[in-house]
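> What follows is the file target11.txt, containing compact mmCIF, C-alpha atoms and all ligand atoms:
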# COMPACT_ATOMS: atom_id res chain seq x y z
CA MET A 24 21.16 6.52 -5.65
CA LYS A 25 17.94 6.91 -7.64
CA TYR A 26 17.41 9.68 -10.19
CA SER A 27 14.29 11.33 -11.51
CA LYS A 28 14.10 12.58 -15.09
CA LEU A 29 12.58 15.85 -16.22
CA ASP A 30 11.37 16.41 -19.80
CA GLY A 31 12.53 13.08 -21.15
CA GLY A 32 15.92 13.06 -19.46
CA THR A 33 17.12 16.55 -20.42
CA TYR A 34 17.60 17.11 -16.68
CA GLU A 35 18.25 14.54 -13.99
CA PHE A 36 17.78 15.04 -10.26
CA PRO A 37 19.09 12.71 -7.55
CA ILE A 38 15.96 11.81 -5.58
CA GLY A 39 16.08 13.00 -1.98
CA LYS A 40 13.17 12.13 0.26
CA ILE A 41 9.67 11.25 -0.87
CA VAL A 42 7.08 13.02 1.26
CA CYS A 43 3.53 11.69 1.05
CA ILE A 44 0.08 12.61 2.30
CA GLY A 45 -2.50 10.07 3.37
CA ARG A 46 -6.24 10.73 3.07
CA ASN A 47 -6.28 13.67 0.69
CA TYR A 48 -9.42 12.71 -1.26
CA VAL A 49 -12.78 12.45 0.52
CA ASP A 50 -14.00 9.50 -1.57
CA HIS A 51 -10.88 7.47 -0.65
CA ILE A 52 -11.28 8.23 3.08
CA LYS A 53 -14.84 6.89 2.92
CA GLU A 54 -13.87 3.66 1.17
CA LEU A 55 -11.34 2.83 3.92
CA GLY A 56 -13.74 3.90 6.69
CA ASN A 57 -11.25 6.48 8.01
CA GLU A 58 -12.03 9.83 9.58
CA THR A 59 -11.23 13.04 7.72
CA PRO A 60 -8.14 14.39 9.47
CA GLU A 61 -7.98 18.06 10.44
CA ALA A 62 -4.28 18.24 9.65
CA PRO A 63 -2.82 16.27 6.74
CA VAL A 64 -1.41 12.80 7.56
CA ILE A 65 2.23 12.99 6.44
CA PHE A 66 4.62 10.07 5.96
CA MET A 67 7.73 9.36 3.90
CA LYS A 68 9.09 6.71 1.60
CA PRO A 69 12.83 6.22 1.10
CA ALA A 70 14.31 7.10 -2.31
CA SER A 71 15.42 3.46 -2.53
CA SER A 72 11.76 2.44 -2.96
CA VAL A 73 11.56 4.04 -6.43
CA VAL A 74 11.15 1.85 -9.49
CA ASP A 75 11.08 3.35 -13.00
CA ASP A 76 8.32 3.20 -15.58
CA GLY A 77 8.28 -0.25 -17.17
CA GLY A 78 9.78 -1.89 -14.09
CA THR A 79 8.70 -4.78 -11.90
CA VAL A 80 7.16 -4.45 -8.43
CA GLU A 81 8.10 -7.16 -5.95
CA ILE A 82 5.48 -7.68 -3.22
CA PRO A 83 7.54 -8.73 -0.19
CA PRO A 84 6.96 -12.21 1.26
CA TYR A 85 5.52 -10.78 4.52
CA SER A 86 2.44 -9.43 2.74
CA ARG A 87 -0.39 -10.91 0.69
CA ASP A 88 -2.37 -7.69 0.22
CA CYS A 89 -0.53 -5.02 -1.79
CA HIS A 90 -2.83 -2.13 -2.81
CA HIS A 91 -2.42 0.31 -5.68
CA GLU A 92 -2.76 4.05 -4.99
CA ALA A 93 -2.39 6.20 -8.12
CA GLU A 94 -1.09 9.67 -7.28
CA LEU A 95 0.08 12.91 -8.85
CA ALA A 96 3.79 13.40 -8.03
CA LEU A 97 5.54 16.76 -7.67
CA LEU A 98 9.27 17.30 -8.20
CA ILE A 99 10.83 20.00 -6.04
CA GLY A 100 13.20 22.16 -8.10
CA LYS A 101 14.09 24.87 -5.59
CA THR A 102 14.89 24.29 -1.93
CA GLY A 103 12.63 25.95 0.64
CA LYS A 104 11.54 25.98 4.28
CA ASN A 105 8.25 27.50 5.50
CA ILE A 106 7.21 28.14 1.90
CA PRO A 107 4.14 30.41 1.73
CA ALA A 108 1.29 28.77 -0.20
CA GLU A 109 1.34 31.48 -2.86
CA GLN A 110 5.03 30.75 -3.61
CA VAL A 111 4.76 26.95 -3.79
CA MET A 112 4.49 26.78 -7.62
CA GLU A 113 7.89 28.54 -7.95
CA HIS A 114 9.45 25.66 -6.00
CA LEU A 115 8.09 22.95 -8.28
CA ALA A 116 10.19 21.76 -11.22
CA GLY A 117 7.52 19.49 -12.63
CA PHE A 118 4.75 16.93 -12.37
CA GLY A 119 4.85 13.14 -12.66
CA VAL A 120 2.85 9.95 -12.19
CA ALA A 121 3.41 7.79 -9.12
CA LEU A 122 2.07 4.73 -7.37
CA ASP A 123 2.06 4.72 -3.58
CA LEU A 124 2.06 0.96 -3.16
CA THR A 125 0.79 -0.04 0.26
CA LEU A 126 0.81 -3.41 2.00
CA ARG A 127 -2.69 -2.98 3.43
CA ASP A 128 -2.57 -6.09 5.64
CA VAL A 129 0.73 -4.94 7.19
CA GLN A 130 -0.41 -1.32 7.48
CA SER A 131 -3.63 -2.34 9.26
CA GLU A 132 -1.62 -4.32 11.84
CA GLN A 133 0.75 -1.37 12.34
CA LYS A 134 -2.19 1.03 12.74
CA LYS A 135 -3.81 -1.23 15.35
CA LYS A 136 -0.58 -1.30 17.35
CA GLY A 137 0.10 2.42 16.91
CA LEU A 138 3.33 1.63 15.04
CA PRO A 139 4.86 3.48 12.05
CA TRP A 140 4.06 2.52 8.46
CA GLU A 141 7.49 2.18 6.81
CA ILE A 142 7.35 -1.60 6.46
CA ALA A 143 4.01 -1.22 4.64
CA LYS A 144 5.02 1.69 2.40
CA GLY A 145 8.81 1.88 2.21
CA PHE A 146 9.84 -1.54 0.88
CA ASP A 147 11.94 -1.83 -2.30
CA THR A 148 9.78 -1.07 -5.40
CA ALA A 149 7.00 0.53 -3.26
CA CYS A 150 7.20 3.74 -5.31
CA PRO A 151 6.88 3.35 -9.09
CA LEU A 152 7.59 6.79 -10.59
CA SER A 153 7.38 8.16 -14.14
CA SER A 154 9.64 10.83 -15.57
CA PHE A 155 8.43 14.39 -14.92
CA VAL A 156 7.13 17.07 -17.27
CA SER A 157 8.09 20.63 -16.48
CA ARG A 158 5.63 22.79 -14.59
CA ALA A 159 5.04 25.13 -17.56
CA LYS A 160 3.57 22.25 -19.61
CA VAL A 161 0.70 21.66 -17.16
CA GLN A 162 -2.05 24.27 -17.36
CA ASP A 163 -3.97 23.63 -14.14
CA PRO A 164 -2.53 20.97 -11.83
CA GLN A 165 -5.78 21.05 -9.80
CA ASN A 166 -7.80 19.84 -12.77
CA LEU A 167 -6.06 16.67 -13.96
CA THR A 168 -7.73 13.28 -14.39
CA ILE A 169 -6.06 10.27 -12.74
CA ARG A 170 -6.95 6.86 -14.19
CA LEU A 171 -5.57 3.49 -13.16
CA THR A 172 -6.20 0.18 -14.86
CA VAL A 173 -5.19 -3.34 -13.81
CA ASN A 174 -4.92 -5.76 -16.76
CA GLY A 175 -6.96 -3.24 -18.76
CA GLU A 176 -9.80 -2.96 -16.22
CA LEU A 177 -10.51 0.55 -14.87
CA ARG A 178 -10.06 0.68 -11.08
CA GLN A 179 -9.37 4.33 -10.20
CA ASN A 180 -10.85 7.32 -12.00
CA GLY A 181 -10.45 10.61 -10.15
CA CYS A 182 -9.55 14.23 -10.57
CA THR A 183 -7.02 16.39 -8.72
CA ALA A 184 -9.84 18.93 -8.27
CA MET A 185 -11.09 16.62 -5.50
CA MET A 186 -8.06 17.07 -3.21
CA ILE A 187 -8.88 18.17 0.36
CA HIS A 188 -5.52 19.94 0.68
CA PRO A 189 -4.66 21.46 -2.70
CA ILE A 190 -1.02 21.39 -3.85
CA ALA A 191 -0.17 24.92 -2.65
CA ASN A 192 -1.41 24.29 0.92
CA LEU A 193 -0.07 20.76 1.07
CA VAL A 194 3.50 21.64 0.04
CA SER A 195 3.45 24.73 2.25
CA GLN A 196 2.47 22.59 5.27
CA MET A 197 5.07 19.90 4.47
CA SER A 198 7.78 22.57 4.25
CA ARG A 199 7.03 23.59 7.84
CA ILE A 200 7.95 20.09 8.99
CA CYS A 201 11.08 19.59 6.92
CA THR A 202 13.06 21.62 4.40
CA LEU A 203 12.03 20.59 0.90
CA GLU A 204 15.17 20.25 -1.18
CA ALA A 205 15.66 20.22 -4.94
CA GLY A 206 15.19 16.59 -5.98
CA ASP A 207 12.64 15.75 -3.30
CA VAL A 208 9.39 14.22 -4.53
CA ILE A 209 5.92 14.83 -3.10
CA LEU A 210 3.03 12.38 -3.49
CA THR A 211 -0.32 14.13 -3.24
CA GLY A 212 -2.70 11.34 -2.20
CA THR A 213 -4.99 8.95 -4.02
CA PRO A 214 -8.62 9.12 -5.17
CA ALA A 215 -11.07 6.27 -4.51
CA GLY A 216 -10.83 2.85 -6.09
CA VAL A 217 -7.76 1.44 -4.38
CA GLY A 218 -7.54 -2.32 -4.51
CA GLN A 219 -5.46 -5.44 -4.36
CA LEU A 220 -2.71 -6.37 -6.81
CA LYS A 221 -1.81 -9.97 -7.58
CA HIS A 222 1.15 -11.81 -9.06
CA GLY A 223 1.22 -11.30 -12.83
CA ASP A 224 -0.90 -8.12 -12.87
CA ASP A 225 -0.07 -5.28 -15.22
CA VAL A 226 -0.82 -1.84 -13.78
CA HIS A 227 -1.16 1.27 -15.89
CA VAL A 228 -1.70 4.84 -14.65
CA GLU A 229 -2.44 7.88 -16.77
CA ILE A 230 -2.62 11.50 -15.61
CA SER A 231 -3.85 14.00 -18.19
CA GLN A 232 -1.18 16.43 -19.46
CA VAL A 233 1.42 14.68 -17.27
CA GLY A 234 2.04 11.21 -18.61
CA THR A 235 1.76 7.49 -18.02
CA LEU A 236 3.32 4.86 -15.80
CA GLY A 237 3.27 1.09 -16.20
CA VAL A 238 4.60 -1.70 -13.97
CA SER A 239 4.13 -5.44 -13.61
CA ILE A 240 3.64 -7.20 -10.30
CA ILE A 241 5.27 -10.26 -8.84
CA GLN A 242 4.62 -11.80 -5.43
CA MET A 243 7.82 -12.88 -3.66
CA ALA A 244 7.75 -16.21 -1.81
CA GLU A 245 8.93 -16.76 1.76
CA LEU A 246 12.63 -17.48 1.92
CA GLY A 247 13.14 -21.20 2.55
ZN ZN B 1 -1.09 7.25 -0.91
Please rewrite the model in this file as structure tokens.
Ligand code: ZN


Amino acid sequence: MKYSKLDGGTYEFPIGKIVCIGRNYVDHIKELGNETPEAPVIFMKPASSVVDDGGTVEIPPYSRDCHHEAELALLIGKTGKNIPAEQVMEHLAGFGVALDLTLRDVQSEQKKKGLPWEIAKGFDTACPLSSFVSRAKVQDPQNLTIRLTVNGELRQNGCTAMMIHPIANLVSQMSRICTLEAGDVILTGTPAGVGQLKHGDDVHVEISQVGTLGVSIIQMAELG
């Protein structure tokens, strides 16, 4: 069982499911040559894919192209189904920093074949996650800067103001598909600048008012 921390560990939540949106920033859709979807593209990562701040990401041996996607994470604090957009904030316990690590080579193959994405996005360590700060400490979650560096070099530099589906609409729509339970985590999509990670890289993400997240990367070899 994995746990998320709120306000430096004052509260701990067992992590339920991790519900994610693909293609929620226009500039990122363009860089991958995708079409802008009418409805949000929703997928999930298992809680077992979480790795804490300061941890090590293991790129599985079946991939050689792991991409970083820096994302604002939401922690659900109050269970709800069919949550109206105007009530979404009451269901959020806090905000955190996440990486939606994606095996782009594997995902592209799966997309071509019309197959699901779990093996590209749900592997162990695919979801580095910071501790959360409570909702009251973040003034405007739709105006936060997201910056990601690899070995000190700036790769992603976006703002949550650029989301296609803002948090209220996004969480409301997700809650129509599945009940969002206390302890669930939502990843809200990534701005432009995604790119490849290599063995030995140090990745650092900072979201204004929310916090920071750092992990190091190792590439796993094929088993003999
Ligand atoms: Zn993502």

> Under the rule that only C-alpha atoms are counted, which of A:Lys68, A:Arg170, A:Lys101, A:His222 is the nearest residue to His114 in chain A?

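Among the listed residues, A:Lys101 lies closest to His114 in chain A.
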
> Write out as a Markdown table the residues of range 100-209 of chain A that have any atom within 12 Å of an atom of range 50-54 of chain A, one row each with the nearest atom pair and its distance in Å to one decimal, counting all atoms listed in the file, sorted by chain and then rising number.


| residue | atom | partner | partner_atom | distance |
| --- | --- | --- | --- | --- |
| A:Gln179 | CA | A:His51 | CA | 10.2 |
| A:Asn180 | CA | A:Asp50 | CA | 11.1 |
| A:Gly181 | CA | A:Asp50 | CA | 9.4 |
| A:Cys182 | CA | A:Asp50 | CA | 11.1 |
| A:Met185 | CA | A:Asp50 | CA | 8.6 |
| A:Met186 | CA | A:Asp50 | CA | 9.8 |
| A:Ile187 | CA | A:Asp50 | CA | 10.3 |

> Suppose we keep C-alpha atoms; can you now write the selection as a short mmCIF file (atom, residue, chain, number, x, y, z; two decimals), keeping the file's coordinate frame?


data_model
loop_
_atom_site.label_atom_id
_atom_site.label_comp_id
_atom_site.auth_asym_id
_atom_site.auth_seq_id
_atom_site.Cartn_x
_atom_site.Cartn_y
_atom_site.Cartn_z
CA GLN A 179 -9.37 4.33 -10.20
CA ASN A 180 -10.85 7.32 -12.00
CA GLY A 181 -10.45 10.61 -10.15
CA CYS A 182 -9.55 14.23 -10.57
CA MET A 185 -11.09 16.62 -5.50
CA MET A 186 -8.06 17.07 -3.21
CA ILE A 187 -8.88 18.17 0.36
#

> Show me which residues line ligand ZN 1 (chain B), defined as having an atom within 6 Å of a ligand atom where all atoms listed in the file count, and present them as a PDB file with C-alpha atoms, in the frame of the given file.


ATOM      1  CA  GLY A  45      -2.500  10.070   3.370  1.00  0.00           C
ATOM      2  CA  GLU A  92      -2.760   4.050  -4.990  1.00  0.00           C
ATOM      3  CA  ASP A 123       2.060   4.720  -3.580  1.00  0.00           C
ATOM      4  CA  GLY A 212      -2.700  11.340  -2.200  1.00  0.00           C
ATOM      5  CA  THR A 213      -4.990   8.950  -4.020  1.00  0.00           C
TER       6      THR A 213
END

> Between CA of Leu29 in chain A and CA of Val208 in chain A, what distance in Å does the model show, to one decimal?

12.2 Å

> Could you check the closest approach to Glu94 in chain A for each of A:Gly206, A:Pro189, A:Gly119, A:Pro69 and tell me which residue wins, using all atoms listed in the file?

A:Gly119

> Fewer than 5 positions away in the same chain doesn't count, so skip those; otherwise give me all residues within 7 Å of Phe66 in chain A, counting all atoms listed in the file, as a PyMOL selection string.

chain A and resi 42-44
